[in-house]
>>> print(open('model.txt').read())   # compact mmCIF, C-alpha atoms
# COMPACT_ATOMS: atom_id res chain seq x y z
CA MET A 177 -11.49 -20.11 26.57
CA THR A 178 -8.63 -22.61 26.74
CA ILE A 179 -10.53 -25.11 24.59
CA LYS A 180 -11.22 -22.35 22.09
CA LYS A 181 -7.53 -21.52 22.14
CA ILE A 182 -6.58 -25.15 21.47
CA PHE A 183 -9.01 -25.27 18.55
CA SER A 184 -7.66 -22.04 17.10
CA GLN A 185 -4.17 -23.56 17.36
CA LEU A 186 -5.47 -26.50 15.34
CA ASP A 187 -6.66 -24.26 12.52
CA PHE A 188 -3.44 -24.64 10.54
CA PHE A 189 -4.63 -22.94 7.39
CA GLY A 190 -5.98 -19.94 9.30
CA GLN A 191 -2.69 -19.51 11.11
CA CYS A 192 -0.68 -19.88 7.92
CA ARG A 193 -2.71 -17.18 6.18
CA ARG A 194 -1.62 -14.68 8.84
CA TYR A 195 2.00 -14.98 7.75
CA ASP A 196 1.27 -14.77 4.03
CA ILE A 197 3.81 -17.42 3.12
CA PRO A 198 3.32 -20.53 0.99
CA ILE A 199 1.72 -23.39 2.89
CA SER A 200 4.83 -25.55 2.43
CA GLN A 201 6.82 -22.99 4.45
CA CYS A 202 4.29 -22.47 7.19
CA PRO A 203 5.49 -23.62 10.64
CA GLN A 204 2.12 -25.00 11.71
CA PHE A 205 1.78 -27.01 8.53
CA LEU A 206 5.33 -28.32 8.87
CA PHE A 207 4.54 -29.41 12.41
CA LEU A 208 1.54 -31.35 11.13
CA ILE A 209 3.66 -33.08 8.49
CA MET A 210 6.33 -33.92 11.05
CA GLY A 211 3.65 -35.35 13.32
CA LEU A 212 2.55 -37.70 10.57
CA VAL A 213 6.17 -38.69 9.90
CA ILE A 214 6.59 -39.47 13.60
CA ILE A 215 3.47 -41.66 13.67
CA PHE A 216 4.64 -43.63 10.63
CA SER A 217 8.16 -44.03 11.87
CA SER A 218 6.83 -45.23 15.23
CA ILE A 219 4.73 -47.86 13.49
CA ILE A 220 7.69 -48.97 11.38
CA THR A 221 10.00 -49.08 14.43
CA TYR A 222 7.37 -51.12 16.24
CA ALA A 223 7.01 -53.53 13.33
CA LEU A 224 10.76 -53.97 13.06
CA GLY A 225 11.19 -54.17 16.84
CA THR A 226 8.64 -56.94 17.34
CA ARG A 227 10.26 -58.86 14.54
CA TYR A 228 13.87 -58.67 15.65
CA ILE A 229 13.66 -58.08 19.40
CA ARG A 230 12.24 -60.90 21.46
CA ASP A 231 11.48 -58.96 24.61
CA PRO A 232 8.30 -56.91 23.97
CA GLU A 233 9.15 -54.47 26.77
CA ILE A 234 12.45 -53.50 25.19
CA ALA A 235 10.73 -53.13 21.81
CA LEU A 236 8.14 -50.84 23.35
CA LEU A 237 10.80 -48.80 25.15
CA LEU A 238 12.72 -48.43 21.90
CA VAL A 239 9.63 -47.23 20.03
CA LEU A 240 8.73 -44.79 22.77
CA SER A 241 12.20 -43.30 23.06
CA ILE A 242 12.58 -42.84 19.30
CA THR A 243 9.14 -41.21 19.14
CA ALA A 244 10.02 -38.89 21.99
CA VAL A 245 13.28 -37.78 20.38
CA LEU A 246 11.54 -37.15 17.06
CA LEU A 247 8.75 -35.24 18.74
CA ILE A 248 11.14 -32.96 20.61
CA LEU A 249 13.12 -32.32 17.43
CA ALA A 250 9.96 -31.56 15.47
CA TYR A 251 8.78 -29.17 18.14
CA LEU A 252 12.10 -27.32 18.29
CA ILE A 253 12.34 -26.97 14.54
CA SER A 254 8.81 -25.77 13.97
CA ARG A 255 9.02 -23.44 16.97
CA SER A 256 12.05 -21.70 15.51
CA PHE A 257 10.30 -21.43 12.15
CA GLU A 258 7.33 -19.91 13.87
CA ARG A 259 9.50 -17.36 15.63
CA LEU A 260 11.04 -16.33 12.32
CA ALA A 261 7.65 -15.97 10.69
CA GLN A 262 6.41 -13.98 13.64
CA ALA A 263 9.43 -11.67 13.58
CA ASN A 264 8.81 -11.06 9.91
CA ARG A 265 5.19 -10.17 10.55
CA LEU A 266 6.12 -7.84 13.40
CA LYS A 267 8.62 -6.09 11.16
CA SER A 268 5.94 -5.47 8.52
CA GLU A 269 3.56 -4.19 11.16
CA PHE A 270 6.27 -1.90 12.51
CA VAL A 271 6.84 -0.45 9.04
CA SER A 272 3.10 0.07 8.70
CA ILE A 273 2.79 1.89 12.04
CA VAL A 274 5.85 4.06 11.43
CA SER A 275 4.72 5.10 7.98
CA HIS A 276 1.24 5.93 9.26
CA GLN A 277 2.75 8.01 12.05
CA LEU A 278 5.05 9.81 9.60
CA ARG A 279 2.11 10.87 7.51
CA SER A 280 0.61 13.33 10.01
CA PRO A 281 3.63 15.59 10.55
CA LEU A 282 4.32 15.34 6.85
CA SER A 283 0.89 16.61 5.84
CA ASN A 284 1.15 19.38 8.46
CA MET A 285 4.42 20.47 6.88
CA ARG A 286 3.14 20.28 3.34
CA TRP A 287 0.02 22.29 4.07
CA ALA A 288 1.92 24.96 6.02
CA LEU A 289 4.37 25.20 3.14
CA GLU A 290 1.50 25.58 0.71
CA VAL A 291 0.18 28.54 2.71
CA LEU A 292 3.63 30.14 2.77
CA MET A 293 4.20 29.62 -0.94
CA SER A 294 0.81 31.07 -1.85
CA GLY A 295 2.19 34.47 -0.84
CA LYS A 296 -0.73 35.16 1.49
CA MET A 297 1.60 35.53 4.45
CA GLY A 298 3.69 38.16 2.70
CA LYS A 299 5.41 38.57 -0.62
CA ILE A 300 8.01 35.98 -1.46
CA GLU A 301 11.25 36.97 -3.15
CA GLU A 302 12.52 34.99 -6.11
CA LYS A 303 15.46 33.67 -4.12
CA GLN A 304 13.18 32.52 -1.30
CA LEU A 305 10.90 30.78 -3.75
CA GLU A 306 13.80 28.67 -4.93
CA TYR A 307 14.36 27.38 -1.41
CA PHE A 308 10.66 26.86 -0.80
CA SER A 309 10.56 24.78 -3.96
CA ILE A 310 13.37 22.62 -2.62
CA LEU A 311 11.34 22.08 0.55
CA ARG A 312 8.26 21.19 -1.43
CA GLU A 313 10.04 18.81 -3.79
CA ASN A 314 11.62 16.99 -0.88
CA SER A 315 8.42 16.74 1.10
CA ASP A 316 6.84 15.30 -2.05
CA ARG A 317 9.63 12.77 -2.23
CA MET A 318 9.14 11.83 1.36
CA ARG A 319 5.42 11.46 0.81
CA GLU A 320 6.02 9.09 -2.11
CA LEU A 321 8.48 7.07 -0.04
CA VAL A 322 6.01 6.75 2.84
CA LYS A 323 3.30 5.75 0.37
CA ASP A 324 5.56 3.05 -1.12
CA LEU A 325 6.47 1.77 2.34
CA LEU A 326 2.80 1.50 3.26
CA THR A 327 2.06 -0.40 0.06
CA VAL A 328 4.95 -2.78 0.78
CA SER A 329 3.79 -3.40 4.33
CA ARG A 330 0.28 -4.13 3.02
CA ILE A 331 1.70 -6.59 0.51
CA GLU A 332 3.75 -8.31 3.21
CA THR A 333 0.98 -8.62 5.74
CA ALA A 334 -1.40 -9.85 3.03
CA ARG A 335 -3.61 -6.84 3.57
CA LEU A 336 -3.44 -5.43 0.08
CA SER A 337 -7.05 -5.30 -1.04
CA PHE A 338 -7.76 -6.25 -4.61
CA LYS A 339 -10.93 -5.32 -6.43
CA LYS A 340 -12.30 -6.84 -9.62
CA GLU A 341 -13.71 -4.41 -12.12
CA MET A 342 -13.92 -4.19 -15.87
CA PHE A 343 -11.94 -1.42 -17.54
CA SER A 344 -10.09 -0.48 -20.69
CA LEU A 345 -6.33 -0.69 -20.34
CA GLU A 346 -5.93 1.41 -23.48
CA LYS A 347 -7.90 4.28 -21.98
CA LEU A 348 -5.97 4.06 -18.73
CA ILE A 349 -2.63 4.22 -20.55
CA LYS A 350 -3.73 7.25 -22.56
CA GLU A 351 -4.77 9.03 -19.36
CA LEU A 352 -1.46 8.23 -17.71
CA ILE A 353 0.61 9.41 -20.68
CA CYS A 354 -1.29 12.71 -20.48
CA SER A 355 -0.60 13.07 -16.78
CA PHE A 356 3.10 12.31 -17.34
CA GLU A 357 3.43 14.92 -20.09
CA PRO A 358 4.88 17.71 -17.94
CA PHE A 359 7.48 15.31 -16.50
CA SER A 360 8.39 13.76 -19.86
CA LYS A 361 8.69 17.18 -21.51
CA ALA A 362 10.90 18.43 -18.72
CA SER A 363 13.09 15.34 -19.21
CA ASN A 364 13.25 15.84 -22.99
CA THR A 365 11.55 12.52 -23.57
CA GLU A 366 8.94 11.55 -26.09
CA ILE A 367 6.32 8.90 -25.37
CA SER A 368 4.55 7.09 -28.21
CA PHE A 369 1.68 4.67 -27.77
CA GLN A 370 0.45 1.99 -30.10
CA ALA A 371 -2.57 -0.18 -29.33
CA GLU A 372 -3.96 -3.05 -31.36
CA LYS A 373 -7.51 -2.52 -32.61
CA ASP A 374 -10.56 -3.90 -30.73
CA LEU A 375 -8.71 -4.93 -27.61
CA PRO A 376 -10.94 -6.57 -25.00
CA MET A 377 -11.50 -5.02 -21.57
CA VAL A 378 -9.64 -6.51 -18.62
CA VAL A 379 -11.10 -7.51 -15.27
CA SER A 380 -8.75 -6.40 -12.51
CA ASP A 381 -8.17 -3.70 -9.89
CA ARG A 382 -7.95 -0.47 -11.89
CA GLU A 383 -6.17 1.56 -9.19
CA LYS A 384 -3.54 -1.13 -8.64
CA ILE A 385 -2.88 -1.63 -12.34
CA LYS A 386 -2.63 2.14 -12.65
CA LEU A 387 0.09 2.05 -9.98
CA VAL A 388 1.93 -0.63 -12.00
CA ILE A 389 1.90 1.37 -15.24
CA GLU A 390 2.72 4.61 -13.43
CA ASN A 391 5.80 2.99 -11.94
CA LEU A 392 6.92 1.60 -15.28
CA ILE A 393 6.46 4.91 -17.15
CA ASP A 394 8.11 6.81 -14.32
CA ASN A 395 11.14 4.50 -14.42
CA ALA A 396 11.38 4.75 -18.20
CA ILE A 397 11.43 8.57 -18.09
CA ARG A 398 13.67 8.77 -15.06
CA TYR A 399 16.44 6.63 -16.45
CA THR A 400 16.76 8.09 -19.93
CA LYS A 401 19.86 9.97 -20.84
CA GLY A 402 19.94 12.73 -23.42
CA LYS A 403 16.97 12.68 -25.72
CA GLY A 404 14.63 9.98 -24.51
CA LYS A 405 12.33 7.87 -26.60
CA ILE A 406 9.72 5.67 -24.99
CA GLU A 407 7.49 3.31 -26.95
CA ILE A 408 4.45 1.74 -25.32
CA LYS A 409 2.65 -1.11 -27.04
CA LEU A 410 -0.54 -2.89 -26.13
CA LYS A 411 -1.79 -6.01 -27.85
CA LYS A 412 -3.45 -9.38 -27.43
CA LYS A 413 -1.12 -12.34 -27.07
CA ASP A 414 -2.01 -15.95 -26.22
CA GLY A 415 -5.43 -15.00 -24.88
CA ARG A 416 -3.98 -12.31 -22.60
CA VAL A 417 -3.43 -8.59 -22.82
CA TYR A 418 0.23 -7.83 -23.37
CA PHE A 419 1.76 -4.49 -22.36
CA GLU A 420 5.25 -3.42 -23.33
CA ILE A 421 7.28 -0.31 -22.55
CA LYS A 422 10.59 0.23 -24.30
CA ASP A 423 13.07 2.98 -23.50
CA ASN A 424 16.48 4.03 -24.76
CA GLY A 425 17.75 4.75 -21.26
CA VAL A 426 20.74 3.66 -19.23
CA GLY A 427 19.70 -0.01 -19.09
CA ILE A 428 20.41 -2.49 -16.32
CA PRO A 429 23.88 -4.07 -15.98
CA LYS A 430 23.80 -7.83 -16.58
CA GLY A 431 24.99 -8.67 -13.08
CA ASP A 432 22.19 -6.67 -11.52
CA GLN A 433 19.37 -8.04 -13.63
CA LYS A 434 18.39 -10.91 -11.37
CA TYR A 435 17.85 -8.55 -8.44
CA VAL A 436 15.64 -5.86 -10.03
CA PHE A 437 12.41 -7.08 -8.48
CA GLN A 438 13.93 -7.32 -5.01
CA LYS A 439 12.89 -4.90 -2.30
CA PHE A 440 15.17 -1.85 -1.89
CA PHE A 441 17.42 -2.96 -4.74
CA ARG A 442 18.86 -0.23 -6.94
CA SER A 443 21.35 -1.05 -9.65
CA LYS A 444 24.71 0.68 -9.54
CA ASN A 445 24.19 2.77 -12.65
CA ALA A 446 20.63 3.67 -11.58
CA SER A 447 21.83 5.39 -8.43
CA ARG A 448 24.52 7.14 -10.46
CA TYR A 449 22.07 8.64 -12.95
CA GLN A 450 19.19 9.23 -10.62
CA THR A 451 19.55 9.90 -6.92
CA GLU A 452 15.81 9.68 -6.31
CA GLY A 453 14.14 6.32 -5.99
CA SER A 454 13.61 3.95 -3.12
CA GLY A 455 14.09 0.66 -4.88
CA LEU A 456 10.53 -0.31 -4.00
CA GLY A 457 8.75 0.44 -7.28
CA LEU A 458 9.46 -2.76 -9.18
CA TYR A 459 8.91 -4.89 -6.08
CA ILE A 460 5.45 -3.34 -5.75
CA VAL A 461 4.80 -3.76 -9.47
CA LYS A 462 5.67 -7.46 -9.35
CA SER A 463 3.64 -8.13 -6.22
CA ILE A 464 0.56 -6.45 -7.67
CA LEU A 465 0.87 -8.38 -10.93
CA GLU A 466 1.20 -11.65 -9.03
CA LYS A 467 -2.03 -10.83 -7.24
CA ALA A 468 -3.67 -9.95 -10.57
CA LYS A 469 -2.59 -13.34 -11.99
CA GLY A 470 -0.38 -11.50 -14.44
CA LYS A 471 3.22 -11.99 -15.47
CA ILE A 472 6.11 -9.57 -15.75
CA GLY A 473 9.51 -9.66 -17.38
CA PHE A 474 12.13 -7.51 -19.06
CA ARG A 475 15.02 -7.39 -21.48
CA SER A 476 17.79 -4.90 -20.93
CA GLN A 477 21.22 -3.95 -22.15
CA GLU A 478 23.41 -1.54 -20.31
CA GLY A 479 23.75 1.74 -22.18
CA LYS A 480 21.12 0.79 -24.76
CA GLY A 481 17.86 0.69 -22.82
CA SER A 482 15.28 -1.60 -21.27
CA THR A 483 11.99 -3.16 -22.29
CA PHE A 484 9.60 -4.13 -19.54
CA TRP A 485 6.48 -6.16 -20.30
CA PHE A 486 3.55 -7.60 -18.43
CA THR A 487 0.47 -9.63 -19.28
CA LEU A 488 -2.95 -9.65 -17.69
CA PRO A 489 -5.74 -12.19 -18.02
CA ILE A 490 -8.75 -10.91 -19.93
CA GLU A 491 -11.46 -12.46 -17.76
CA MET B 278 -22.16 32.63 5.65
CA LYS B 279 -21.82 28.86 5.57
CA ARG B 280 -20.58 27.31 8.79
CA ILE B 281 -18.04 24.48 8.95
CA LEU B 282 -17.24 22.43 12.03
CA PHE B 283 -13.66 21.16 11.93
CA ILE B 284 -13.08 18.26 14.34
CA GLU B 285 -9.31 17.70 14.42
CA ASP B 286 -6.85 17.22 17.28
CA GLU B 287 -3.82 18.64 15.44
CA SER B 288 -3.80 22.36 16.08
CA ALA B 289 -1.34 22.93 13.22
CA LEU B 290 -3.87 21.58 10.75
CA GLN B 291 -6.66 23.58 12.32
CA LYS B 292 -4.58 26.67 11.78
CA THR B 293 -3.60 26.05 8.15
CA LEU B 294 -6.81 24.59 6.77
CA GLY B 295 -9.01 26.70 9.08
CA GLU B 296 -7.39 29.89 7.90
CA VAL B 297 -7.65 29.00 4.21
CA LEU B 298 -11.33 28.10 4.65
CA ARG B 299 -12.00 31.43 6.37
CA GLU B 300 -10.30 33.22 3.49
CA ASN B 301 -12.70 31.44 1.18
CA GLY B 302 -15.61 32.97 3.02
CA TYR B 303 -16.61 30.24 5.47
CA GLU B 304 -17.14 30.44 9.18
CA VAL B 305 -15.00 27.78 10.85
CA ILE B 306 -15.55 26.34 14.32
CA ASN B 307 -12.78 24.19 15.77
CA ALA B 308 -13.15 21.18 18.02
CA LEU B 309 -10.04 19.49 19.38
CA ASN B 310 -11.68 16.22 20.39
CA GLY B 311 -14.60 14.00 19.48
CA GLU B 312 -16.70 14.77 22.50
CA LEU B 313 -16.53 18.53 22.00
CA GLY B 314 -17.12 18.03 18.28
CA MET B 315 -20.33 16.14 18.97
CA LYS B 316 -21.52 18.83 21.36
CA LEU B 317 -20.76 21.66 18.93
CA ALA B 318 -22.44 19.81 16.06
CA LYS B 319 -25.70 19.79 18.00
CA MET B 320 -25.38 23.34 19.32
CA LYS B 321 -24.08 25.22 16.30
CA LYS B 322 -25.83 23.33 13.47
CA PRO B 323 -22.97 23.59 10.94
CA ASN B 324 -23.58 23.21 7.20
CA LEU B 325 -20.65 20.81 6.91
CA ILE B 326 -18.43 18.78 9.21
CA LEU B 327 -14.76 17.99 8.57
CA LEU B 328 -13.89 15.00 10.70
CA ASP B 329 -10.61 13.35 11.61
CA LEU B 330 -10.82 9.68 12.64
CA ILE B 331 -8.07 9.41 15.23
CA LEU B 332 -9.39 11.67 17.98
CA PRO B 333 -9.10 11.81 21.76
CA LYS B 334 -12.12 11.13 23.99
CA LEU B 335 -14.45 9.96 21.22
CA SER B 336 -13.10 8.39 18.02
CA GLY B 337 -14.08 9.76 14.63
CA PHE B 338 -16.02 6.58 13.80
CA GLU B 339 -18.00 6.95 17.02
CA VAL B 340 -18.69 10.64 16.29
CA LEU B 341 -19.89 9.73 12.81
CA LYS B 342 -22.16 7.02 14.20
CA GLN B 343 -23.71 9.40 16.74
CA LEU B 344 -24.09 12.23 14.22
CA LYS B 345 -26.04 10.00 11.88
CA LYS B 346 -28.23 8.67 14.70
CA ASP B 347 -29.21 12.10 15.99
CA GLU B 348 -32.25 13.68 14.26
CA THR B 349 -30.77 17.18 14.47
CA THR B 350 -27.42 16.30 12.90
CA LYS B 351 -28.10 13.36 10.59
CA ASP B 352 -28.45 15.47 7.43
CA ILE B 353 -25.20 17.42 7.82
CA PRO B 354 -22.69 16.24 5.20
CA VAL B 355 -19.50 14.86 6.75
CA ILE B 356 -16.13 14.88 5.00
CA VAL B 357 -13.71 12.49 6.66
CA LEU B 358 -10.22 14.00 6.59
CA THR B 359 -7.67 11.62 8.00
CA ASN B 360 -4.37 9.84 7.53
CA LEU B 361 -5.87 6.52 8.54
CA GLU B 362 -6.04 4.24 5.54
CA GLY B 363 -6.24 0.71 6.84
CA VAL B 364 -8.17 -2.06 5.15
CA GLY B 365 -11.86 -1.50 5.66
CA ASP B 366 -11.53 2.03 7.11
CA VAL B 367 -12.87 3.74 4.00
CA GLU B 368 -15.71 1.23 3.65
CA LYS B 369 -16.60 1.56 7.32
CA ALA B 370 -16.75 5.37 7.19
CA MET B 371 -18.82 5.38 4.01
CA GLU B 372 -21.20 2.81 5.48
CA LEU B 373 -21.63 4.98 8.54
CA GLY B 374 -22.73 7.82 6.28
CA ALA B 375 -19.66 9.91 5.41
CA THR B 376 -20.03 11.97 2.21
CA THR B 377 -16.37 11.85 1.18
CA TYR B 378 -13.21 10.20 2.51
CA LEU B 379 -9.99 12.13 2.02
CA VAL B 380 -6.50 10.94 2.99
CA LYS B 381 -4.65 14.08 4.09
CA ALA B 382 -1.31 12.97 2.73
CA ASN B 383 -2.75 12.61 -0.77
CA TYR B 384 -4.28 16.08 -1.06
CA SER B 385 -3.06 19.64 -1.18
CA LEU B 386 -4.83 22.33 0.82
CA LYS B 387 -6.34 23.74 -2.34
CA GLU B 388 -7.76 20.34 -3.29
CA VAL B 389 -9.33 19.95 0.15
CA VAL B 390 -10.91 23.39 -0.14
CA ASP B 391 -12.29 22.43 -3.56
CA LYS B 392 -13.85 19.30 -2.07
CA VAL B 393 -15.43 21.40 0.68
CA LYS B 394 -16.82 23.78 -1.93
CA THR B 395 -18.31 20.91 -3.93
CA ALA B 396 -19.88 19.40 -0.84
CA LEU B 397 -21.41 22.71 0.19
CA GLU B 398 -22.41 24.13 -3.12
CA GLY B 399 -22.80 21.03 -5.23
>>> encode(input="model.txt", output="structure tokens")
Amino acid sequence: MTIKKIFSQLDFFGQCRRYDIPISQCPQFLFLIMGLVIIFSSIITYALGTRYIRDPEIALLLVLSITAVLLILAYLISRSFERLAQANRLKSEFVSIVSHQLRSPLSNMRWALEVLMSGKMGKIEEKQLEYFSILRENSDRMRELVKDLLTVSRIETARLSFKKEMFSLEKLIKELICSFEPFSKASNTEISFQAEKDLPMVVSDREKIKLVIENLIDNAIRYTKGKGKIEIKLKKKDGRVYFEIKDNGVGIPKGDQKYVFQKFFRSKNASRYQTEGSGLGLYIVKSILEKAKGKIGFRSQEGKGSTFWFTLPIE
Amino acid sequence: MKRILFIEDESALQKTLGEVLRENGYEVINALNGELGMKLAKMKKPNLILLDLILPKLSGFEVLKQLKKDETTKDIPVIVLTNLEGVGDVEKAMELGATTYLVKANYSLKEVVDKVKTALEG
């Protein structure tokens, strides 16, 4: 058992995968590098020592003490790195457990509410219906938030599964525009869609890419002011499929632009115009696209609108 | 009358979904844990089983495994109705022989009833 444990400790790459951080930041890998540095510096100290110090015992003592100091330092540094990485992983697991636990009472509430609102338990007055609707809307909001939190925790613990299947992005966008119609109409926003002819299919995870486009359309509608106009374009560019969504909404202030893909970030004007929103959407979008080997970017001007784009590889 | 066995440890859900299913003309038998669910499945021969995965005494996965092993219960369609959605959970349940996998949080009562109808009446 102990030998097995030692061997599992030696599997640096396996241990690094658990943290889902780049290999250059992984504590186990850093420890390995530091070990090599120590060996080399010991050899150099030995070479220099034998050259300049006559007494071989003193030279040996010098080499040993320098090696020991370096080793202790390396251990302390990599240990603290490891603790940080571990704390980060625990935090993600905690979020995952909490959001799973929140789901059960939430679905109980939603289903009970559905029974009440159906009128089967007695007639509901207009005034009551208004309040029931508030309850339903807010439980929907909570459900979305829990769903986003779960997605984030999956991204962070490297447990986000990713399928590869062939599908038409054009078809998917058309479906999504249809499903957003009630929301866009209610927000007085018009969505137009333009796709280049004979676009190739893409090979990616359809459900995840759907989540990406859903988030982008949702944002575009949510942050329009007055009469909204959203233009979606799909074309081929540099051997990739290029998606673009342009809105005439509130835009992102210049100072906030570098933070938009950060977790929980909401720009100042966004929270002023729209109280809903967790600040997780664009973080999720970016993480999914990274996994899909895609790219994302945007241009935005406060008060004028934003254009978000992403590309996906064809094969 | 078609008979549904509902294995679920949350009594609130048994009440809401159970009641709506009864309204839709089904007979509903409740089981609050996996062990009882297994017993009732053999005794009552339901036409459909609604199964939660996180259950006391015998987990939903274990119930599913035993149902599919037993000659008398292996042909009963099983709809997994759970909030568990970890990596591999869906695949595992489908491999064990579940007909459908529904995440409670993603469905309304009406949608669940529709899925039950489809499973029973095709």
>>> closest_residue(input="model.txt", among="A:Leu252, A:Leu458, A:Leu238, A:Ala288", to="chain B", atoms="all atoms listed in the file")
A:Ala288
>>> residues_near_point(input="model.txt", point="(-7.6, 20.2, 2.9)", cutoff="9 Å", atoms="all atoms listed in the file", output="JSON, numbers by chain")
{"A": [287], "B": [290, 293, 294, 297, 298, 358, 379, 381, 384, 385, 386, 387, 388, 389, 390, 391, 392, 393]}
>>> interface_residues(input="model.txt", of="chain A", to="chain B", cutoff="8 Å", atoms="only C-alpha atoms", output="mmCIF file with C-alpha atoms, in the frame of the given file")
data_model
loop_
_atom_site.group_PDB
_atom_site.id
_atom_site.type_symbol
_atom_site.label_atom_id
_atom_site.label_comp_id
_atom_site.auth_asym_id
_atom_site.auth_seq_id
_atom_site.Cartn_x
_atom_site.Cartn_y
_atom_site.Cartn_z
ATOM 1 C CA HIS A 276 1.240 5.930 9.260
ATOM 2 C CA ARG A 279 2.110 10.870 7.510
ATOM 3 C CA SER A 280 0.610 13.330 10.010
ATOM 4 C CA LEU A 282 4.320 15.340 6.850
ATOM 5 C CA SER A 283 0.890 16.610 5.840
ATOM 6 C CA ASN A 284 1.150 19.380 8.460
ATOM 7 C CA ARG A 286 3.140 20.280 3.340
ATOM 8 C CA TRP A 287 0.020 22.290 4.070
ATOM 9 C CA ALA A 288 1.920 24.960 6.020
ATOM 10 C CA GLU A 290 1.500 25.580 0.710
ATOM 11 C CA VAL A 291 0.180 28.540 2.710
ATOM 12 C CA ARG A 319 5.420 11.460 0.810
ATOM 13 C CA ARG A 335 -3.610 -6.840 3.570
ATOM 14 C CA LEU A 336 -3.440 -5.430 0.080
ATOM 15 C CA SER A 337 -7.050 -5.300 -1.040
#
>>> residues_around(input="model.txt", residues="region 384-397 of chain A", least_positions_apart="4", cutoff="10 Å", atoms="only C-alpha atoms", output="PyMOL selection string")
chain A and resi 336-339+345+348-349+351-353+355-356+359-367+380+401+404-408+419-427+446+453+456-458+460-465+467-468+481-486+488
>>> atom_distance(input="model.txt", atom1="CA of Leu311 (chain A)", atom2="CA of Leu278 (chain A)")
16.5 Å
>>> residues_around(input="model.txt", residues="Thr376 (chain B)", least_positions_apart="4", cutoff="9 Å", atoms="all atoms listed in the file", output="list of chain:residue names")
B:Pro354, B:Val355, B:Ile356, B:Val357, B:Ala370, B:Met371, B:Ala396
>>> residues_around(input="model.txt", residues="Leu317 (chain B)", least_positions_apart="5", cutoff="12 Å", atoms="all atoms listed in the file", output="short mmCIF file (atom, residue, chain, number, x, y, z; two decimals) with C-alpha atoms, in the frame of the given file")
data_model
loop_
_atom_site.label_atom_id
_atom_site.label_comp_id
_atom_site.auth_asym_id
_atom_site.auth_seq_id
_atom_site.Cartn_x
_atom_site.Cartn_y
_atom_site.Cartn_z
CA ARG B 280 -20.58 27.31 8.79
CA ILE B 281 -18.04 24.48 8.95
CA LEU B 282 -17.24 22.43 12.03
CA PHE B 283 -13.66 21.16 11.93
CA ILE B 284 -13.08 18.26 14.34
CA VAL B 305 -15.00 27.78 10.85
CA ILE B 306 -15.55 26.34 14.32
CA ASN B 307 -12.78 24.19 15.77
CA ALA B 308 -13.15 21.18 18.02
CA LEU B 309 -10.04 19.49 19.38
CA ASN B 310 -11.68 16.22 20.39
CA GLY B 311 -14.60 14.00 19.48
CA GLU B 312 -16.70 14.77 22.50
CA LYS B 322 -25.83 23.33 13.47
CA PRO B 323 -22.97 23.59 10.94
CA ILE B 326 -18.43 18.78 9.21
CA VAL B 340 -18.69 10.64 16.29
CA LEU B 344 -24.09 12.23 14.22
CA THR B 349 -30.77 17.18 14.47
CA THR B 350 -27.42 16.30 12.90
#
>>> atom_distance(input="model.txt", atom1="CA of Leu266 (chain A)", atom2="CA of Val328 (chain A)")
13.6 Å
>>> closest_residue(input="model.txt", among="A:Ile220, A:Ala263, A:Leu410, A:Ile215", to="Ala244 (chain A)", atoms="only C-alpha atoms")
A:Ile215
>>> build_atoms(input="model.txt", residues="region 211-217 of chain A", atoms="N, CA, C and O atoms", output="PDB file, in the frame of the given file")
ATOM      1  N   GLY A 211       4.451 -34.476  12.469  1.00  0.00           N
ATOM      2  CA  GLY A 211       3.650 -35.350  13.320  1.00  0.00           C
ATOM      3  C   GLY A 211       3.312 -36.646  12.611  1.00  0.00           C
ATOM      4  O   GLY A 211       3.462 -37.736  13.166  1.00  0.00           O
ATOM      5  N   LEU A 212       2.895 -36.508  11.349  1.00  0.00           N
ATOM      6  CA  LEU A 212       2.550 -37.700  10.570  1.00  0.00           C
ATOM      7  C   LEU A 212       3.772 -38.588  10.363  1.00  0.00           C
ATOM      8  O   LEU A 212       3.701 -39.814  10.488  1.00  0.00           O
ATOM      9  N   VAL A 213       4.916 -37.938  10.084  1.00  0.00           N
ATOM     10  CA  VAL A 213       6.170 -38.690   9.900  1.00  0.00           C
ATOM     11  C   VAL A 213       6.480 -39.481  11.170  1.00  0.00           C
ATOM     12  O   VAL A 213       6.854 -40.656  11.127  1.00  0.00           O
ATOM     13  N   ILE A 214       6.289 -38.824  12.318  1.00  0.00           N
ATOM     14  CA  ILE A 214       6.590 -39.470  13.600  1.00  0.00           C
ATOM     15  C   ILE A 214       5.686 -40.710  13.801  1.00  0.00           C
ATOM     16  O   ILE A 214       6.157 -41.784  14.183  1.00  0.00           O
ATOM     17  N   ILE A 215       4.396 -40.530  13.497  1.00  0.00           N
ATOM     18  CA  ILE A 215       3.470 -41.660  13.670  1.00  0.00           C
ATOM     19  C   ILE A 215       3.906 -42.850  12.806  1.00  0.00           C
ATOM     20  O   ILE A 215       4.024 -43.976  13.274  1.00  0.00           O
ATOM     21  N   PHE A 216       4.228 -42.548  11.529  1.00  0.00           N
ATOM     22  CA  PHE A 216       4.640 -43.630  10.630  1.00  0.00           C
ATOM     23  C   PHE A 216       5.935 -44.272  11.072  1.00  0.00           C
ATOM     24  O   PHE A 216       6.065 -45.501  11.095  1.00  0.00           O
ATOM     25  N   SER A 217       6.896 -43.413  11.480  1.00  0.00           N
ATOM     26  CA  SER A 217       8.160 -44.030  11.870  1.00  0.00           C
ATOM     27  C   SER A 217       8.002 -44.849  13.146  1.00  0.00           C
ATOM     28  O   SER A 217       8.677 -45.863  13.319  1.00  0.00           O
TER      29      SER A 217
END
